[in-house]
Amino acid sequence: MVLRILSLVAILYTIFWSVRYFQKRPGSWQATQTWFRQEFKKAFSKEWKQNWQRIVYFLTLISIAILALTGLIPYLIFGVPMFGFILMLHVAVSPLFALLITIIILSWANNYQFDKINWEFVKIDLVKKDRPAEAQKKADKFYEKFFFWFMVLFSIMVTSMVLSMYPIWGTIGQETLLTVHRIGAVALLICTVLHTIRLVQTQVVETESS
Amino acid sequence: MKKVILCTIVWMFIGTTALWAENEEPKLGDVTDGSRAVPNHLIPLFDEEGSQIFLDDTPLLPFSTEQTCLPCHDYSKISHGWHFNAPDSGIHPGRPGHPWIYTDRVTGTQIPLHHRDWEGVYDPAVVGLTPFYFLQEFGRQFPGGGVGEIDSADISKDLFFRWQVSGRAEVNCLACHDVEAAHDQTQYDKQMRNENFRWAAAATAGFTTVEGAAEDMQDTYDIYSQVGPGPAEAVPPRIKYDDHRFDDKAQVFIDIRRDIPSRRCYYCHSSRYIESPDKEEWETDEDVHLTSGMNCVDCHRNGLDHMMIRGYATEAQETNRPNIASFSCEGCHVGDENKWPELGRLGAPEPRHLGIPTIHFKEMSCTSCHSGPWPRKETMNVQTSIAHGLGTHNVIKGDSVMPYIASPVYARAQNHKITPHNLLFPTFWGVEKGGDIQPVHPEELQDVIITAIEADTLTDSLNFISINTGEWPTLSQSQFTMILDSLSVMKDTVNAVFVGGGKLHRIEDGHVVSEKHPAAEPYKWPFAHNVRPAEQSLGSKSCKDCHGLGAGFNFGDVKAASPLGFQPTAKRSMTAYQETSKFYQGLFAFTFYFRPILKIFLDVCLILMTAVFLLYVFKGLDAIVQNAFGSRD
């Protein structure tokens, strides 16, 4: 019950924070929508071979959305475990998610290493409330990386549910794995939202400046 | 003013009487001084009038369990115990239990009856089984008390004199507590059939012999004067005592125990699976608890009130007795970490349940995986002591004897968990009145059905053989029509119906119409024994024990047999009782064939993700260390 309430609060706070983020930056919401439309078209255009990373990314977002809807709504809203066809859809999408997130991690990890610029931001601008435009760019870039690595961590937590399929965990172990899975899932959802916002913001800014 | 004073006096009198009753000293045998030694029951015997029995009494009367036990035990409290309080509507009926099954082979009738208010059972009075006839019909496993002690005059004035001849069926304490090897419980059955209710309990003791039959005596027969017996050849009911067992104070030793051995319970609580591959007794095992040295009463305990613990998970809550919560499967094997530790009680091992997702414990009872026979593609027929008179004399024995009880049926129980059940499809002829079906007493129809059977000279012999061997006849459509027409004429109604095979059947415009009806729905009751060892539980081999495409747990068929030979035996999927669909379970089971691949695939993904994550964590650490302390170069 406590976990359910905390999860709901965390998700609601993320929504609230995201709305505030876009409110603070006039035009950013429209820019984000435009970016999604354009990138989605690019990804699923005829030149899909050049855009395979985009395809993977969008499919990952879709799979996370399906997993979150099927897994979190019964648990968070109704307080019941998944059942019936919802459970089957969840289990069917999970290997797709695992494959896609693994590809993303393998292909993006190198680019998401923290560098000196990030370190400078942490030292100088991290705790500032009103940052200049240049520092905000650094902030977006830092948080994009920051949330990426947390996405990786929480993806590992979520996928660790596979361990429950082995006859090595008793009832307490099973319950612990399920709890880890649930916490990881909520955290992954939040990190994905926050990472996506920063990613899009960085891309939009880069496009505008170029 | 006078009225006020009078009322006050009356209330004070009632109040002080109630106070006195509450403060009544417990009897000698109902309290313990702490000694666990078995008390010696060398005791005088008393007849139902409370007079001590001496060997030179004329006539010799049977000892009364009530009067004999009364000096040391609170009989009135005991007689409200679980085995005896079925007619008391004030008692919570608890989860459905084994019904009395009224069976008639000629008419193919099998109706679940009980005095408790369980959904799906009929009150015995519906088929004319007033207490007197109920005792005659079901006396063989009847524990006494209850309807056996209801004031006869209140129930049926017509039978008042028969009750005087037969006597009351008092609580039969000996049925459970007399552990003497010479105790013969089958005598109880014999005496109850002979209407010797007064003599039945005493007849089971190892030092008595009862002969004669009250049913042969006239209504005016007097047991004291022995005046007014029946026909000349009839023997009045009488008892002989083994005089060697009486000491010089006319006391008799009876081997009465509190720790009742399981063999005493088995007389009424045995079962036998017909199609089980290991049906020979020497090939079967007892419940794993018993084989490890326990007795039934180690878990099914009771206090003086004899409210025996039934042991199901929600019993404590339903009966408002929190102190019995630990006497369930979970109570001993799992415990409650928030309470005084009871885990491991009686040496109960804590289950590991390795690899079993916790959803199973929310959706299923412990008994689903651990109790009863291994599920098969089709349910088996189970015979029980109460339904088939196992262990009694003069009962037709055989594999195909009625009533037909299907088992194990994995159905949702009252607590919504999937639980193994025994299941009985009611089968009877009746009349529909305002949507309800009123069963017709089988005896009213027997002649009609025999006439119908005889009308078909091709099958009559086979049908009579079936009836004589304990089965129901197989009726053709013309015979069925003939019987329903006769029933319509007999009852002067157009709504004569037959309930069987899970449906209601009637004749409309010359055609047989079969339809669903609540009265045709089966009565099912959960069972918990025999418990198998953990190594033999469902899921011990693999998930496919239940989730395989052909697994009996989900895909077994429940037979709904009926005497209607012109209709195929109806079968219902097990999923119908689990509130799910065969399609869903099939699809779900199908995924289990890909589970090994899924596991390997997810393992690879998990390893890769973890490896990358750790790689960059170490890289990050490397960078921090280099920045902090400088590189080697």
# chains A, B, ... in the order shown; residues from 1 in each chain; ligands from 1
>>> interface_residues(of="chain B", to="chain A", cutoff="8 Å", atoms="only C-alpha atoms", output="list in words")
Arg352, His353, Leu354, Gly355, Ile356, Pro357, Thr358, Ile359, Tyr584, Phe588, Leu598, Lys599, Phe601, Leu602, Asp603, Cys605, Leu606, Leu608, Met609, Thr610, Val612, Phe613, Tyr616 and Gly620 of chain B
>>> write_last_selection(atoms="C-alpha atoms", output="PDB file, in the first residue's frame")
ATOM      1  CA  ARG B 352      10.141 -23.123   0.222  1.00  0.00           C
ATOM      2  CA  HIS B 353       7.963 -22.870  -2.910  1.00  0.00           C
ATOM      3  CA  LEU B 354      11.025 -22.279  -5.054  1.00  0.00           C
ATOM      4  CA  GLY B 355      10.169 -20.670  -8.365  1.00  0.00           C
ATOM      5  CA  ILE B 356       6.436 -20.417  -7.645  1.00  0.00           C
ATOM      6  CA  PRO B 357       5.165 -16.884  -8.415  1.00  0.00           C
ATOM      7  CA  THR B 358       3.323 -15.399  -5.461  1.00  0.00           C
ATOM      8  CA  ILE B 359       0.155 -14.915  -7.513  1.00  0.00           C
ATOM      9  CA  TYR B 584      -7.507 -17.965 -22.416  1.00  0.00           C
ATOM     10  CA  PHE B 588      -1.637 -18.959 -21.649  1.00  0.00           C
ATOM     11  CA  LEU B 598      12.215 -16.408 -23.243  1.00  0.00           C
ATOM     12  CA  LYS B 599      14.295 -17.104 -20.161  1.00  0.00           C
ATOM     13  CA  PHE B 601      16.762 -14.416 -24.215  1.00  0.00           C
ATOM     14  CA  LEU B 602      16.034 -12.238 -21.192  1.00  0.00           C
ATOM     15  CA  ASP B 603      19.097 -13.609 -19.414  1.00  0.00           C
ATOM     16  CA  CYS B 605      19.734  -9.077 -22.345  1.00  0.00           C
ATOM     17  CA  LEU B 606      20.120  -8.757 -18.589  1.00  0.00           C
ATOM     18  CA  LEU B 608      24.549  -7.358 -21.538  1.00  0.00           C
ATOM     19  CA  MET B 609      22.796  -4.456 -19.804  1.00  0.00           C
ATOM     20  CA  THR B 610      24.515  -5.189 -16.516  1.00  0.00           C
ATOM     21  CA  VAL B 612      27.596  -2.225 -20.002  1.00  0.00           C
ATOM     22  CA  PHE B 613      26.373  -0.511 -16.876  1.00  0.00           C
ATOM     23  CA  TYR B 616      30.831   2.566 -17.485  1.00  0.00           C
ATOM     24  CA  GLY B 620      33.595   6.647 -14.274  1.00  0.00           C
TER      25      GLY B 620
END
>>> residues_around(residues="Glu134 of chain A", least_positions_apart="5", cutoff="12 Å", atoms="only C-alpha atoms", output="count of residues only")
10
>>> select_by_dssp(residues="segment 43-187 of chain B", states="strand (DSSP E or B)", output="PyMOL selection string")
chain B and resi 43-44+46+52+100-104+109-113+122+178
>>> residues_around(residues="Ala181 of chain B", least_positions_apart="6", cutoff="10 Å", atoms="only C-alpha atoms", output="JSON, numbers by chain")
{"B": [205, 206, 255]}
>>> residues_around(residues="Ile465 of chain B", least_positions_apart="6", cutoff="12 Å", atoms="only C-alpha atoms", output="PyMOL selection string")
chain B and resi 105-106+453+459+471-474
>>> atom_distance(atom1="atom CA of Ile483 of chain B", atom2="atom CA of Ala406 of chain B")
27.2 Å
>>> closest_residue(among="B:Glu337, B:Asp259, B:Glu25, B:Glu48", to="Ile223 of chain B", atoms="only C-alpha atoms")
B:Glu48
>>> select_by_dssp(residues="segment 279-471 of chain B", states="helix (DSSP H, G or I)", output="MDAnalysis selection string")
chainID B and resid 281:283 288:291 296:299 315:318 322:324 329:333 345:347 359:363 366:370 385:388 442:455 460:468
